[in-house]
>>> print(open('structure_0.txt').read())   # compact mmCIF, C-alpha atoms and all ligand atoms
# COMPACT_ATOMS: atom_id res chain seq x y z
CA MET A 1 117.19 -206.67 -159.99
CA GLN A 2 117.39 -206.03 -156.25
CA SER A 3 121.11 -206.81 -156.20
CA HIS A 4 122.01 -203.27 -157.32
CA GLY A 5 120.72 -201.65 -154.16
CA PHE A 6 117.94 -200.11 -156.23
CA GLY A 7 114.47 -200.39 -154.74
CA THR A 8 111.45 -201.86 -156.45
CA SER A 9 109.14 -200.13 -153.98
CA GLY A 10 106.38 -198.16 -155.59
CA GLN A 11 106.92 -200.06 -158.82
CA ASN A 12 105.20 -203.33 -158.11
CA ASP A 13 102.68 -201.78 -155.77
CA ALA A 14 101.69 -199.12 -158.25
CA MET A 15 101.14 -201.58 -161.09
CA ASP A 16 97.46 -201.06 -161.60
CA ASN A 17 96.29 -203.95 -163.68
CA PRO A 18 92.50 -203.90 -163.58
CA LYS A 19 92.14 -207.66 -163.02
CA HIS A 20 95.18 -208.61 -160.97
CA SER A 21 97.93 -207.16 -158.89
CA TRP A 22 100.60 -208.83 -160.97
CA ALA A 23 104.21 -207.78 -160.75
CA PRO A 24 105.55 -206.02 -163.87
CA GLU A 25 107.61 -209.15 -164.66
CA SER A 26 104.30 -211.00 -165.05
CA VAL A 27 102.43 -208.22 -166.84
CA VAL A 28 105.18 -208.05 -169.45
CA VAL A 29 104.58 -211.72 -170.23
CA ALA A 30 100.81 -211.99 -169.81
CA ALA A 31 99.16 -208.75 -170.91
CA GLY A 32 97.77 -208.13 -174.38
CA ARG A 33 96.94 -211.69 -175.37
CA PRO A 34 93.92 -212.50 -177.55
CA ASP A 35 91.28 -213.48 -175.01
CA ALA A 36 88.94 -215.99 -176.63
CA PRO A 37 88.73 -219.76 -176.88
CA GLY A 38 90.39 -221.13 -179.99
CA ARG A 39 92.39 -217.96 -180.77
CA PRO A 40 96.18 -218.19 -181.10
CA LEU A 41 97.97 -217.61 -177.80
CA ASN A 42 99.85 -214.73 -179.42
CA ALA A 43 98.37 -212.02 -181.63
CA PRO A 44 99.32 -213.01 -185.17
CA ILE A 45 101.03 -210.75 -187.70
CA VAL A 46 98.19 -209.41 -189.82
CA PRO A 47 99.48 -207.80 -193.03
CA VAL A 48 96.51 -205.61 -193.91
CA SER A 49 95.64 -202.22 -195.34
CA THR A 50 91.89 -202.56 -195.69
CA TYR A 51 89.10 -204.52 -193.99
CA GLN A 52 85.74 -205.75 -195.29
CA HIS A 53 83.00 -203.22 -194.62
CA GLY A 54 80.59 -203.71 -191.76
CA GLY A 55 83.04 -204.46 -188.90
CA ASP A 56 84.93 -202.32 -186.36
CA ALA A 57 87.94 -201.73 -188.58
CA GLY A 58 87.98 -200.08 -192.00
CA TYR A 59 91.51 -199.00 -192.93
CA ALA A 60 94.72 -199.94 -191.16
CA ARG A 61 96.19 -196.43 -190.86
CA ASP A 62 93.03 -195.42 -188.97
CA ASP A 63 92.19 -198.59 -187.12
CA GLY A 64 95.45 -200.48 -186.79
CA THR A 65 96.08 -204.20 -186.72
CA GLU A 66 95.89 -206.91 -184.07
CA SER A 67 99.67 -206.80 -183.63
CA TRP A 68 99.60 -203.07 -182.81
CA ALA A 69 96.75 -203.55 -180.38
CA SER A 70 98.54 -206.25 -178.39
CA PHE A 71 101.80 -204.31 -178.20
CA GLU A 72 99.90 -201.19 -177.10
CA ALA A 73 98.01 -203.20 -174.46
CA VAL A 74 101.23 -204.50 -172.89
CA ILE A 75 103.04 -201.16 -172.83
CA GLY A 76 99.91 -199.38 -171.60
CA ALA A 77 99.49 -201.89 -168.76
CA LEU A 78 103.15 -201.56 -167.75
CA GLU A 79 103.13 -197.76 -167.74
CA GLY A 80 99.64 -197.39 -166.29
CA GLY A 81 98.28 -195.44 -169.27
CA ALA A 82 96.97 -195.75 -172.82
CA ALA A 83 99.61 -196.50 -175.46
CA VAL A 84 99.87 -195.50 -179.11
CA ALA A 85 102.42 -197.38 -181.24
CA PHE A 86 104.44 -195.52 -183.87
CA ALA A 87 106.81 -196.30 -186.72
CA SER A 88 109.84 -195.18 -184.65
CA GLY A 89 110.80 -193.39 -181.46
CA MET A 90 111.18 -190.20 -183.47
CA ALA A 91 107.71 -190.67 -184.99
CA ALA A 92 106.31 -190.91 -181.45
CA SER A 93 108.30 -187.83 -180.42
CA ALA A 94 107.21 -185.86 -183.50
CA ALA A 95 103.57 -186.73 -182.73
CA VAL A 96 103.95 -185.19 -179.27
CA PHE A 97 105.64 -182.04 -180.61
CA GLY A 98 102.89 -181.92 -183.25
CA LEU A 99 100.38 -181.18 -180.47
CA LEU A 100 102.01 -177.77 -179.87
CA ASP A 101 100.73 -174.46 -181.25
CA VAL A 102 102.74 -171.75 -182.96
CA GLY A 103 104.72 -169.74 -180.39
CA ALA A 104 104.77 -172.51 -177.78
CA THR A 105 107.38 -172.64 -175.02
CA VAL A 106 109.36 -175.89 -175.05
CA VAL A 107 111.70 -176.87 -172.24
CA LEU A 108 114.35 -179.47 -172.99
CA GLY A 109 117.27 -181.03 -171.11
CA ASP A 110 120.82 -180.06 -172.06
CA ASP A 111 121.67 -183.74 -172.52
CA CYS A 112 119.09 -185.55 -174.61
CA TYR A 113 118.57 -187.55 -177.78
CA HIS A 114 119.96 -185.46 -180.65
CA GLY A 115 116.92 -186.09 -182.87
CA VAL A 116 114.58 -184.62 -180.26
CA ARG A 117 116.83 -181.59 -179.96
CA GLN A 118 116.56 -181.18 -183.75
CA LEU A 119 112.75 -181.43 -183.60
CA ALA A 120 112.68 -178.59 -181.08
CA GLU A 121 115.15 -176.48 -183.09
CA ARG A 122 113.07 -176.93 -186.23
CA GLY A 123 109.98 -175.79 -184.33
CA ARG A 124 111.91 -172.73 -183.21
CA THR A 125 112.50 -171.61 -186.80
CA ALA A 126 109.32 -172.97 -188.40
CA SER A 127 106.74 -172.29 -185.67
CA GLY A 128 108.30 -169.62 -183.48
CA TRP A 129 108.69 -171.87 -180.45
CA ASP A 130 110.66 -170.54 -177.54
CA VAL A 131 113.12 -173.39 -176.83
CA VAL A 132 114.59 -173.31 -173.32
CA ILE A 133 117.47 -175.67 -172.56
CA LEU A 134 117.96 -176.60 -168.88
CA PRO A 135 120.47 -178.87 -167.15
CA VAL A 136 118.77 -182.26 -166.68
CA THR A 137 119.70 -182.25 -163.00
CA ASP A 138 118.64 -178.69 -162.08
CA THR A 139 115.33 -179.62 -160.46
CA SER A 140 114.46 -176.13 -159.23
CA ALA A 141 115.01 -174.67 -162.72
CA TRP A 142 112.62 -177.28 -164.16
CA SER A 143 110.03 -176.59 -161.46
CA GLU A 144 110.24 -172.87 -162.13
CA ALA A 145 110.06 -173.33 -165.92
CA ALA A 146 106.98 -175.52 -165.48
CA THR A 147 104.83 -172.48 -164.68
CA SER A 148 105.36 -170.97 -168.16
CA ALA A 149 106.07 -174.00 -170.39
CA ASP A 150 103.69 -175.64 -172.85
CA LEU A 151 105.91 -178.72 -173.11
CA LEU A 152 108.44 -180.01 -170.60
CA TRP A 153 110.47 -182.76 -172.26
CA VAL A 154 112.45 -184.74 -169.70
CA GLU A 155 114.78 -187.54 -170.77
CA THR A 156 116.02 -189.59 -167.83
CA PRO A 157 118.45 -191.29 -167.68
CA SER A 158 119.73 -188.94 -170.38
CA ASN A 159 121.50 -189.95 -173.55
CA PRO A 160 124.48 -190.26 -173.48
CA MET A 161 125.64 -188.74 -170.16
CA LEU A 162 123.26 -190.73 -167.91
CA HIS A 163 122.11 -187.69 -165.96
CA ILE A 164 119.04 -188.26 -163.79
CA ALA A 165 116.10 -185.84 -163.58
CA ASP A 166 113.94 -185.83 -160.45
CA LEU A 167 110.64 -186.97 -161.95
CA ALA A 168 108.58 -186.78 -158.76
CA ALA A 169 109.71 -183.21 -158.04
CA ILE A 170 109.15 -182.02 -161.61
CA GLY A 171 105.85 -183.90 -161.73
CA LYS A 172 104.65 -182.05 -158.63
CA ALA A 173 105.53 -178.59 -159.98
CA ARG A 174 102.59 -176.39 -160.89
CA ARG A 175 101.98 -176.36 -164.66
CA ARG A 176 99.78 -174.36 -167.03
CA PRO A 177 96.36 -175.98 -167.58
CA ASN A 178 97.21 -177.63 -170.92
CA ALA A 179 100.95 -177.94 -170.42
CA MET A 180 102.43 -181.39 -171.01
CA LEU A 181 105.12 -183.10 -168.96
CA VAL A 182 106.63 -185.71 -171.28
CA VAL A 183 109.26 -188.23 -170.25
CA ASP A 184 111.49 -190.06 -172.72
CA SER A 185 111.95 -193.23 -170.70
CA THR A 186 113.80 -195.22 -173.37
CA PHE A 187 116.88 -195.88 -171.21
CA ALA A 188 114.80 -196.95 -168.22
CA THR A 189 112.12 -199.08 -169.92
CA PRO A 190 108.70 -199.48 -168.24
CA LEU A 191 110.32 -201.92 -165.80
CA ASN A 192 112.78 -199.44 -164.29
CA GLN A 193 110.58 -196.37 -163.93
CA ARG A 194 106.94 -195.36 -164.33
CA PRO A 195 106.69 -191.61 -164.97
CA LEU A 196 102.87 -191.47 -165.25
CA ALA A 197 102.63 -192.59 -161.62
CA VAL A 198 104.51 -189.46 -160.51
CA GLY A 199 102.66 -186.89 -162.58
CA ALA A 200 103.87 -187.13 -166.20
CA ASP A 201 101.27 -186.71 -168.94
CA ILE A 202 103.00 -188.77 -171.64
CA VAL A 203 105.82 -191.34 -171.65
CA VAL A 204 107.75 -191.93 -174.87
CA HIS A 205 109.90 -194.94 -175.74
CA SER A 206 112.01 -195.83 -178.73
CA ALA A 207 110.87 -199.45 -179.11
CA THR A 208 113.88 -199.84 -181.41
CA LYS A 209 115.96 -200.09 -178.25
CA LEU A 210 115.27 -202.23 -175.15
CA LEU A 211 111.63 -203.09 -175.90
CA GLY A 212 112.50 -204.69 -179.25
CA GLY A 213 115.85 -205.74 -177.87
CA HIS A 214 117.31 -207.50 -180.91
CA SER A 215 118.38 -204.71 -183.31
CA ASP A 216 115.91 -205.95 -185.91
CA LEU A 217 113.14 -203.35 -185.96
CA MET A 218 112.30 -199.65 -185.82
CA GLY A 219 109.46 -198.75 -183.50
CA GLY A 220 108.19 -196.24 -181.00
CA VAL A 221 105.41 -195.84 -178.50
CA ALA A 222 103.81 -192.95 -176.63
CA VAL A 223 101.75 -193.67 -173.51
CA ALA A 224 99.16 -191.11 -172.45
CA SER A 225 97.79 -190.53 -168.98
CA SER A 226 94.28 -189.77 -170.27
CA GLY A 227 91.94 -190.96 -173.00
CA ALA A 228 91.84 -187.45 -174.49
CA LEU A 229 95.63 -187.32 -174.84
CA ARG A 230 95.63 -190.81 -176.31
CA GLU A 231 93.09 -189.68 -178.90
CA ALA A 232 95.19 -186.62 -179.73
CA LEU A 233 98.27 -188.80 -180.28
CA ALA A 234 96.34 -191.36 -182.34
CA THR A 235 95.06 -188.50 -184.51
CA GLN A 236 98.63 -187.32 -185.01
CA ARG A 237 99.60 -190.83 -186.10
CA ARG A 238 96.68 -191.00 -188.50
CA VAL A 239 97.13 -187.61 -190.18
CA ALA A 240 100.93 -187.75 -190.32
CA GLY A 241 100.91 -191.40 -191.38
CA ALA A 242 103.45 -192.45 -188.75
CA THR A 243 101.97 -195.94 -188.63
CA PRO A 244 104.05 -198.90 -187.49
CA GLY A 245 104.22 -202.05 -189.58
CA ALA A 246 102.41 -205.20 -188.45
CA LEU A 247 105.68 -207.17 -188.53
CA GLU A 248 107.48 -204.50 -186.50
CA THR A 249 104.86 -204.38 -183.76
CA PHE A 250 104.80 -208.18 -183.65
CA LEU A 251 108.58 -208.20 -183.20
CA ALA A 252 108.44 -205.38 -180.65
CA LEU A 253 105.91 -207.34 -178.63
CA ARG A 254 107.92 -210.54 -178.95
CA GLY A 255 110.98 -208.67 -177.71
CA THR A 256 109.03 -207.07 -174.88
CA ARG A 257 107.94 -210.49 -173.59
CA THR A 258 111.54 -211.21 -172.54
CA LEU A 259 112.37 -207.67 -171.38
CA ALA A 260 112.49 -208.57 -167.68
CA ILE A 261 115.17 -211.25 -167.99
CA ARG A 262 117.14 -209.43 -170.69
CA LEU A 263 117.19 -206.25 -168.62
CA GLU A 264 118.11 -208.09 -165.44
CA ARG A 265 121.11 -209.74 -167.13
CA ALA A 266 122.13 -206.65 -169.12
CA GLN A 267 122.12 -204.35 -166.13
CA ALA A 268 123.96 -206.87 -163.96
CA ASN A 269 126.63 -206.98 -166.71
CA ALA A 270 126.59 -203.18 -167.05
CA SER A 271 126.96 -202.74 -163.32
CA GLU A 272 129.95 -205.08 -163.18
CA LEU A 273 131.65 -203.45 -166.18
CA ALA A 274 131.07 -199.96 -164.74
CA HIS A 275 132.73 -200.96 -161.46
CA ARG A 276 135.70 -202.49 -163.29
CA LEU A 277 136.05 -199.52 -165.68
CA VAL A 278 136.35 -197.13 -162.71
CA ARG A 279 139.56 -198.96 -161.74
CA HIS A 280 141.00 -199.21 -165.28
CA ARG A 281 144.11 -197.12 -165.85
CA ALA A 282 142.97 -195.97 -169.33
CA VAL A 283 139.67 -194.59 -167.97
CA ALA A 284 139.28 -191.04 -166.66
CA ALA A 285 135.59 -191.12 -165.68
CA VAL A 286 132.61 -193.49 -165.72
CA HIS A 287 128.99 -192.32 -165.98
CA TYR A 288 126.53 -194.91 -164.67
CA PRO A 289 123.65 -194.36 -162.23
CA GLY A 290 124.45 -197.62 -160.44
CA LEU A 291 127.81 -196.32 -159.21
CA ALA A 292 127.81 -194.78 -155.74
CA SER A 293 130.04 -192.07 -157.26
CA HIS A 294 127.32 -190.98 -159.72
CA PRO A 295 126.15 -187.49 -158.65
CA GLN A 296 122.48 -188.54 -158.66
CA HIS A 297 123.00 -192.11 -157.44
CA ALA A 298 120.65 -191.71 -154.46
CA LEU A 299 117.92 -190.19 -156.63
CA ALA A 300 118.35 -192.94 -159.25
CA ALA A 301 118.11 -195.64 -156.58
CA LYS A 302 114.89 -194.08 -155.27
CA GLN A 303 113.28 -193.40 -158.63
CA MET A 304 114.34 -196.46 -160.62
CA ALA A 305 114.07 -200.20 -160.03
CA GLY A 306 117.47 -200.76 -161.65
CA PRO A 307 120.38 -198.72 -163.04
CA GLY A 308 119.93 -199.71 -166.69
CA SER A 309 122.24 -201.20 -169.28
CA VAL A 310 124.05 -198.17 -170.72
CA VAL A 311 127.44 -197.03 -169.42
CA SER A 312 129.34 -194.02 -170.76
CA PHE A 313 133.02 -193.50 -169.97
CA GLU A 314 135.83 -191.10 -170.80
CA LEU A 315 139.28 -192.23 -171.82
CA ARG A 316 142.44 -190.52 -170.58
CA GLY A 317 143.80 -190.67 -174.12
CA GLY A 318 140.97 -188.43 -175.41
CA ASN A 319 139.27 -188.75 -178.79
CA ALA A 320 142.06 -190.75 -180.44
CA ALA A 321 141.98 -193.36 -177.67
CA ALA A 322 138.16 -193.52 -177.85
CA ASP A 323 138.23 -194.04 -181.62
CA ALA A 324 140.91 -196.72 -181.22
CA ALA A 325 138.91 -198.56 -178.53
CA CYS A 326 135.77 -198.57 -180.68
CA ALA A 327 137.77 -199.91 -183.63
CA ALA A 328 139.43 -202.62 -181.49
CA VAL A 329 136.48 -204.38 -179.84
CA GLU A 330 135.62 -207.81 -181.22
CA LEU A 331 132.80 -209.32 -179.16
CA ILE A 332 131.27 -205.89 -178.63
CA SER A 333 130.02 -204.45 -181.94
CA HIS A 334 131.18 -201.01 -183.05
CA ALA A 335 127.69 -199.77 -183.88
CA THR A 336 125.13 -197.20 -182.88
CA SER A 337 121.85 -197.83 -181.03
CA LEU A 338 121.42 -199.52 -177.67
CA GLY A 339 119.37 -201.91 -175.60
CA SER A 340 119.87 -205.07 -177.60
CA VAL A 341 120.97 -208.56 -176.62
CA GLU A 342 124.37 -207.82 -178.16
CA SER A 343 126.70 -205.21 -176.69
CA THR A 344 127.44 -202.17 -178.86
CA MET A 345 129.75 -199.24 -178.38
CA GLU A 346 130.37 -195.95 -180.18
CA ARG A 347 131.32 -192.29 -179.97
CA ARG A 348 128.47 -189.75 -179.88
CA THR A 349 130.40 -186.59 -180.75
CA GLY A 350 129.64 -186.58 -184.49
CA LEU A 351 125.90 -186.10 -183.94
CA GLY A 352 124.12 -182.75 -184.26
CA GLY A 353 123.76 -180.72 -181.05
CA GLN A 354 126.16 -182.95 -179.11
CA HIS A 355 128.87 -180.32 -178.61
CA HIS A 356 128.63 -180.60 -174.84
CA LEU A 357 130.16 -184.07 -174.71
CA PRO A 358 133.56 -184.50 -173.06
CA ALA A 359 136.55 -185.53 -175.17
CA GLY A 360 137.23 -189.24 -175.24
CA LEU A 361 133.63 -190.22 -174.44
CA VAL A 362 132.49 -193.72 -175.37
CA ARG A 363 128.91 -194.96 -174.95
CA LEU A 364 128.62 -198.65 -174.23
CA SER A 365 125.29 -200.47 -174.41
CA VAL A 366 125.72 -203.69 -172.51
CA GLY A 367 124.05 -206.87 -173.73
CA ILE A 368 123.55 -210.31 -172.26
CA GLU A 369 126.86 -211.96 -173.19
CA ASP A 370 129.15 -213.62 -170.65
CA ILE A 371 130.57 -210.99 -168.32
CA GLU A 372 134.17 -212.26 -168.45
CA ASP A 373 134.14 -212.33 -172.26
CA LEU A 374 132.82 -208.75 -172.28
CA TRP A 375 135.47 -207.59 -169.84
CA HIS A 376 138.26 -209.36 -171.71
CA ASP A 377 137.16 -207.65 -174.96
CA LEU A 378 136.87 -204.23 -173.35
CA ASP A 379 140.14 -204.50 -171.42
CA GLU A 380 142.03 -205.56 -174.60
CA ALA A 381 140.46 -202.69 -176.56
CA LEU A 382 141.57 -200.27 -173.84
CA GLY A 383 145.13 -201.49 -174.11
CA GLY A 384 144.98 -204.03 -171.28
CA GLY A 385 146.38 -203.47 -167.84
CA ASP A 386 143.60 -204.66 -165.61
C1 LIG A 401 116.90 -193.95 -180.16
C2 LIG A 401 116.28 -192.96 -179.27
C3 LIG A 401 115.22 -192.15 -179.74
C4 LIG A 401 114.74 -192.21 -181.16
O1 LIG A 401 114.15 -193.43 -181.47
P1 LIG A 401 114.17 -194.09 -182.95
O2 LIG A 401 113.44 -195.37 -182.75
O3 LIG A 401 115.59 -194.22 -183.36
O4 LIG A 401 113.43 -193.15 -183.86
C5 LIG A 401 114.67 -191.25 -178.85
N1 LIG A 401 115.10 -191.15 -177.56
C6 LIG A 401 116.11 -191.90 -177.10
C7 LIG A 401 116.54 -191.75 -175.68
C8 LIG A 401 116.73 -192.83 -177.92
O5 LIG A 401 117.74 -193.57 -177.45
>>> encode(input="structure_0.txt", output="structure tokens")
Amino acid sequence: MQSHGFGTSGQNDAMDNPKHSWAPESVVVAAGRPDAPGRPLNAPIVPVSTYQHGGDAGYARDDGTESWASFEAVIGALEGGAAVAFASGMAASAAVFGLLDVGATVVLGDDCYHGVRQLAERGRTASGWDVVILPVTDTSAWSEAATSADLLWVETPSNPMLHIADLAAIGKARRRPNAMLVVDSTFATPLNQRPLAVGADIVVHSATKLLGGHSDLMGGVAVASSGALREALATQRRVAGATPGALETFLALRGTRTLAIRLERAQANASELAHRLVRHRAVAAVHYPGLASHPQHALAAKQMAGPGSVVSFELRGGNAAADAACAAVELISHATSLGSVESTMERRTGLGGQHHLPAGLVRLSVGIEDIEDLWHDLDEALGGGD
């Protein structure tokens, strides 16, 4: 991961495993295993709703399953907090928003996951929230808003424009006593950035994406900086019933075990494709934090251990050219979602609240395929010429 010019400093050092000072690439493999002689090496899938009376667990919606516990242990260890697994990324997000009172002030980035934007908008009408939308990159506006916000929701890198928010600066800003700084770190994964270490209260991931990594599950996780916040989120899960399935958490954990090598390959591929797309005659602009031309490249290189595996780009031919390119790819799948072993690409303009997106935008999630095959497919879909 060092080959991108991105530092790992502060990442490995800050990994506070109680027993060892393992690198994240080891924690991701070793944490959360059953720790007793004769037990399976991996936490088994336990399909269960109810337990026999007299033990620690009574009912699975309240007390979970072994598969949840192991997945939560790994993500908690990686982020340096206490994790709560959910049925999806949106379930995790809704649990966080569910902690807010009527009339709360919510601050959101202008480029963020459309479902989260909808959650905030619904709270505006249903619960009288004041929803303030700020440019992801306007650090001083975020710092100023922190003094009056109840929830600061920062998504970085942002979906789909790959804007970078300055987590350390926003984390340092003075907040109200019970205000929450929440970071949707889905694009970064726990291996590329650790928001709790720079002052965030909660980190949210869609485990559907890079953690699962194989497009075969829905899952989410919220990681709290304190035991009290973890309890609050677990209560939300219990009362709202946003419980993950035992199979899904097993698969999410199985996917997470290989995150380090998948991410390393995917972001090496993404980096190479981004550099080649910049020079392609059909392409008007490329948005990728690993490019020196990205407006927050220096910040990204300081804050993240790697540039990630998502590249967005604009075609000179506008929307028609973007639709045609998405229809033409063969190795790359024309599909939504991101962060899987297979590359996917799509438009994002049809989604609610995404009116800010430039014409001709395509979002490409880069997988682990052969780089020359990926480039050949992309170049053909863009009409050749490179
Ligand atoms: C996909 C996604 C979500 C929502 O997660 P689901 O698992 O689809 O519910 C939230 N934030 C970001 C950045 C995402 O990409």
>>> residues_around(input="structure_0.txt", residues="stretch 28-34 of chain A", least_positions_apart="2", cutoff="6 Å", atoms="all atoms listed in the file", output="list in words")
Pro24, Glu25, Ser26, Asn42, Ser70, Ala73, Val74 and Arg257 of chain A
>>> residues_around(input="structure_0.txt", residues="A:Glu330", least_positions_apart="2", cutoff="12 Å", atoms="only C-alpha atoms", output="list of chain:residue names")
A:Ala325, A:Cys326, A:Ala327, A:Ala328, A:Ile332, A:Ser333, A:His334, A:Ala335, A:Glu342, A:Ser343, A:Thr344, A:Met345, A:Asp373, A:Leu374, A:Trp375, A:His376, A:Asp377, A:Leu378, A:Asp379, A:Glu380, A:Ala381
>>> closest_atom_pairs(input="structure_0.txt", of="chain A", to="ligand LIG 401 (chain A)", cutoff="9 Å", atoms="all atoms listed in the file", output="tab-separated table")
residue	atom	partner	partner_atom	distance
A:Ala87	CA	A:LIG401	O2	7.8
A:Ser88	CA	A:LIG401	O2	4.1
A:Gly89	CA	A:LIG401	O1	3.4
A:Met90	CA	A:LIG401	O4	3.7
A:Ala91	CA	A:LIG401	O4	6.3
A:Ala92	CA	A:LIG401	O4	7.8
A:Ser93	CA	A:LIG401	C5	7.4
A:Cys112	CA	A:LIG401	C7	6.8
A:Tyr113	CA	A:LIG401	N1	5.0
A:His114	CA	A:LIG401	C5	8.0
A:Gly115	CA	A:LIG401	C4	6.7
A:Val116	CA	A:LIG401	C5	6.8
A:Glu155	CA	A:LIG401	C7	6.7
A:Thr156	CA	A:LIG401	C7	8.2
A:Pro157	CA	A:LIG401	C7	8.2
A:Ser158	CA	A:LIG401	C7	6.8
A:Asn159	CA	A:LIG401	C7	5.7
A:Pro160	CA	A:LIG401	C7	8.4
A:Asp184	CA	A:LIG401	C7	6.1
A:Ser185	CA	A:LIG401	C7	6.9
A:Thr186	CA	A:LIG401	C7	5.0
A:Phe187	CA	A:LIG401	C7	6.1
A:Val204	CA	A:LIG401	N1	7.9
A:His205	CA	A:LIG401	N1	6.7
A:Ser206	CA	A:LIG401	O1	4.2
A:Ala207	CA	A:LIG401	O2	6.0
A:Thr208	CA	A:LIG401	O2	4.7
A:Lys209	CA	A:LIG401	C1	6.5
A:Leu217	CA	A:LIG401	O2	8.6
A:Met218	CA	A:LIG401	O2	5.4
A:Gly219	CA	A:LIG401	O2	5.3
A:Gly220	CA	A:LIG401	O2	5.6
A:Ser337	CA	A:LIG401	C1	6.3
A:Leu338	CA	A:LIG401	O5	7.0
A:Gly339	CA	A:LIG401	O5	8.7
>>> residues_around(input="structure_0.txt", residues="A:Val27", least_positions_apart="5", cutoff="8 Å", atoms="all atoms listed in the file", output="list in words")
Trp22, Val74, Ala77 and Leu78 of chain A
>>> closest_atom_pairs(input="structure_0.txt", of="stretch 163-186 of chain A", to="stretch 125-147 of chain A", cutoff="7 Å", atoms="all atoms listed in the file", output="tab-separated table")
residue	atom	partner	partner_atom	distance
A:His163	CA	A:Val136	CA	6.4
A:Ile164	CA	A:Thr137	CA	6.1
A:Ala165	CA	A:Thr137	CA	5.1
A:Asp166	CA	A:Thr139	CA	6.4
A:Ile170	CA	A:Ser143	CA	5.5
A:Ala173	CA	A:Ser143	CA	5.1
A:Arg174	CA	A:Thr147	CA	5.9
A:Arg175	CA	A:Thr147	CA	4.8
A:Arg176	CA	A:Thr147	CA	5.9
>>> atom_distance(input="structure_0.txt", atom1="atom CA of A:Gln236", atom2="atom CA of A:Pro195")
22.0 Å
>>> closest_residue(input="structure_0.txt", among="A:Leu291, A:Leu100, A:Leu151, A:Leu196", to="A:Gly76", atoms="all atoms listed in the file")
A:Leu196
>>> closest_residue(input="structure_0.txt", among="A:Gly227, A:Gly38, A:Gly318, A:Gly213", to="A:Gly367", atoms="all atoms listed in the file")
A:Gly213
>>> closest_residue(input="structure_0.txt", among="A:Gly306, A:Pro358, A:Gly103, A:Gly199", to="A:Ala224", atoms="only C-alpha atoms")
A:Gly199
>>> atom_distance(input="structure_0.txt", atom1="atom CA of A:Leu108", atom2="atom CA of A:Tyr288")
21.4 Å
>>> atom_distance(input="structure_0.txt", atom1="atom CA of A:Met304", atom2="atom CA of A:Leu191")
8.5 Å
>>> residues_around(input="structure_0.txt", residues="A:Val96", least_positions_apart="6", cutoff="12 Å", atoms="all atoms listed in the file", output="VMD selection string")
chain A and resid 84 86 89 to 90 106 116 119 to 120 150 to 153 179 to 184 201 to 205 220 to 224 229 to 237 240 242
>>> write_last_selection(input="structure_0.txt", atoms="C-alpha atoms", output="mmCIF file, in the frame of the given file")
data_model
loop_
_atom_site.group_PDB
_atom_site.id
_atom_site.type_symbol
_atom_site.label_atom_id
_atom_site.label_comp_id
_atom_site.auth_asym_id
_atom_site.auth_seq_id
_atom_site.Cartn_x
_atom_site.Cartn_y
_atom_site.Cartn_z
ATOM 1 C CA VAL A 84 99.870 -195.500 -179.110
ATOM 2 C CA PHE A 86 104.440 -195.520 -183.870
ATOM 3 C CA GLY A 89 110.800 -193.390 -181.460
ATOM 4 C CA MET A 90 111.180 -190.200 -183.470
ATOM 5 C CA VAL A 106 109.360 -175.890 -175.050
ATOM 6 C CA VAL A 116 114.580 -184.620 -180.260
ATOM 7 C CA LEU A 119 112.750 -181.430 -183.600
ATOM 8 C CA ALA A 120 112.680 -178.590 -181.080
ATOM 9 C CA ASP A 150 103.690 -175.640 -172.850
ATOM 10 C CA LEU A 151 105.910 -178.720 -173.110
ATOM 11 C CA LEU A 152 108.440 -180.010 -170.600
ATOM 12 C CA TRP A 153 110.470 -182.760 -172.260
ATOM 13 C CA ALA A 179 100.950 -177.940 -170.420
ATOM 14 C CA MET A 180 102.430 -181.390 -171.010
ATOM 15 C CA LEU A 181 105.120 -183.100 -168.960
ATOM 16 C CA VAL A 182 106.630 -185.710 -171.280
ATOM 17 C CA VAL A 183 109.260 -188.230 -170.250
ATOM 18 C CA ASP A 184 111.490 -190.060 -172.720
ATOM 19 C CA ASP A 201 101.270 -186.710 -168.940
ATOM 20 C CA ILE A 202 103.000 -188.770 -171.640
ATOM 21 C CA VAL A 203 105.820 -191.340 -171.650
ATOM 22 C CA VAL A 204 107.750 -191.930 -174.870
ATOM 23 C CA HIS A 205 109.900 -194.940 -175.740
ATOM 24 C CA GLY A 220 108.190 -196.240 -181.000
ATOM 25 C CA VAL A 221 105.410 -195.840 -178.500
ATOM 26 C CA ALA A 222 103.810 -192.950 -176.630
ATOM 27 C CA VAL A 223 101.750 -193.670 -173.510
ATOM 28 C CA ALA A 224 99.160 -191.110 -172.450
ATOM 29 C CA LEU A 229 95.630 -187.320 -174.840
ATOM 30 C CA ARG A 230 95.630 -190.810 -176.310
ATOM 31 C CA GLU A 231 93.090 -189.680 -178.900
ATOM 32 C CA ALA A 232 95.190 -186.620 -179.730
ATOM 33 C CA LEU A 233 98.270 -188.800 -180.280
ATOM 34 C CA ALA A 234 96.340 -191.360 -182.340
ATOM 35 C CA THR A 235 95.060 -188.500 -184.510
ATOM 36 C CA GLN A 236 98.630 -187.320 -185.010
ATOM 37 C CA ARG A 237 99.600 -190.830 -186.100
ATOM 38 C CA ALA A 240 100.930 -187.750 -190.320
ATOM 39 C CA ALA A 242 103.450 -192.450 -188.750
#
>>> residues_near_point(input="structure_0.txt", point="(119.0, -190.2, -153.5)", cutoff="12 Å", atoms="only C-alpha atoms", output="list in words")
Gly5, Phe6, Gly7, Ile164, Ala165, Asp166, Pro289, Gly290, Ala292, Ser293, His294, Pro295, Gln296, His297, Ala298, Leu299, Ala300, Ala301, Lys302, Gln303 and Met304 of chain A
